[in-house]
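Read the structure below first, then the notes.
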Amino acid sequence: MGDGDGVRISPLPPGFAEMLPGPELVAAFAAVDRSACNGFELGVLLQAARKVACWGESLSLVVTAVLAHCPPCFKDGEAERSSVPEPRAAELLSPLLGWTNYRSDQFMLIALALSDLPNTRQALERGELEFSEVRTIVDRLTLLPPVDRAAVDVAIFPEVLKLRGGLLRLHIEAEILKVNPEAAKERHKKAREDRGVAVYPDVDNVSTVRLHGIPHDQAAQAWALIDAIARTEKARGDERTLPQLRADIAVSLLSGEADVIICDGAPEAAKEDEDCTGENGAGENGDDADPRQGSFDDLLDEHNNADSPSEAEGAQDDSATE
């Protein structure tokens with residue numbers, strides 16, 4: 001827009017970028033003519049929209065925490081509250097919001113946990129943290145007693161506002177170790193106890209197989225084996241990419257369809273297939289051990305620095321399409 005002298009007037013009201021989330025920001029946002037905004041102004045508008053979204057999530061969590069303390073009642077029942085959360089309160093969210101039981105349980109857990117995390121709750125309300133980041137914080141603090149949760153909630157701010165993805169998790173873990181060193185051991189123990197294999201049907205008639213709860217050293221060994229075989233096949237001229245080879249090899253091993261040749265203690269087999277000595281595409285005299293370990297460490301770094309598993313997988317695929 002412009003005035004009579006041709007000077008452009010911004011469609012954003014004064015101080016719009018600094019406004020805190022709430023009814024005033026919602027009203028100001030709704031009044032903006034987006035068609036009159038330039039690229040910079042649309043960026044400011046997008047930031048405001050995310051503030052409003054985070055504020056809305058904080059309202060949902062506050063109401064959910066109160067709902068957890070409401071005994072079952074009819075439409076015209078009294079506004080009663082229980083001193084402790086109702087044991088099956090999360091089950092109310094599924095029919096109310098059309099969520100899965102898993103999502104309902106997770107949302108209820110976060111809503112109740114934020115009562116011990118005032119700094120995290122206020123950061124979400126102000127739009128300084130996204131819901132996914134609040135979920136990460138709550139997840140890392142679940143096994144701590146309330147007093148320790150509150151201590152970590154104080155310690156991670158304001159630094160946590162500058163971090164994302166894996167760096168955010170590492171910062172939280174570092175503060176947990178300072179407050180309660182035994183908590184890290186307990187988390188590791190619980191993760192090991194929850195280990196398992198899961199299959200998730202995806203779209204386009206494909207599936208994802210997930211192996212979880214495995215110690216890093218065992219995961220590194222498994223990765224090194226699959227990666228070494230894949231690189232050997234690639235060196236032999238296989239036209240598939242390394243990610244494709246790793247996937248095909250892993251499926252062959254897990255399904256029992258792979259032909260496994262054990263070279264140790266079988267010299268004649270080693271003579272028939274000199275790849276067993278590591279001379280054919282996999283390095284010589286075991287010199288390839290460090291590069292394979294390095295590639296696994298790179299994979300962990302990508303997962304730690306990504307905001308989601310799908311982002312990390314995409315980064316890994318892009319880095320290994322040779």
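Ordered as shown in the structure tokens, chains take letters A, B, and onward, while each chain numbers its residues from 1 and ligands are numbered from 1 in the order shown.
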
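Look at range 68-73 of chain A: the protein and nucleic acid residues within 8 Å of it, using only C-alpha atoms and passing over chain neighbours fewer than 5 places away, are A:Glu78, A:Ala79, A:Glu80, A:Arg81, A:Ser82, A:Ser83, A:Val84, A:Pro85, A:Glu86, A:Ala89, A:Ala90, A:Met108.
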
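Here CA of Val32 in chain A stands at a distance of 8.0 Å from CA of Pro13 in chain A.
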
Tell me, as a PyMOL selection string, which residues lie within 12 Å of Lys162 in chain A, counting only C-alpha atoms; anything in the same chain fewer than 5 positions away does not count. chain A and resi 128-129+133+156-157+167-168+171

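As for CA of Val66 in chain A and CA of Pro146 in chain A, they are spaced 18.5 Å apart.
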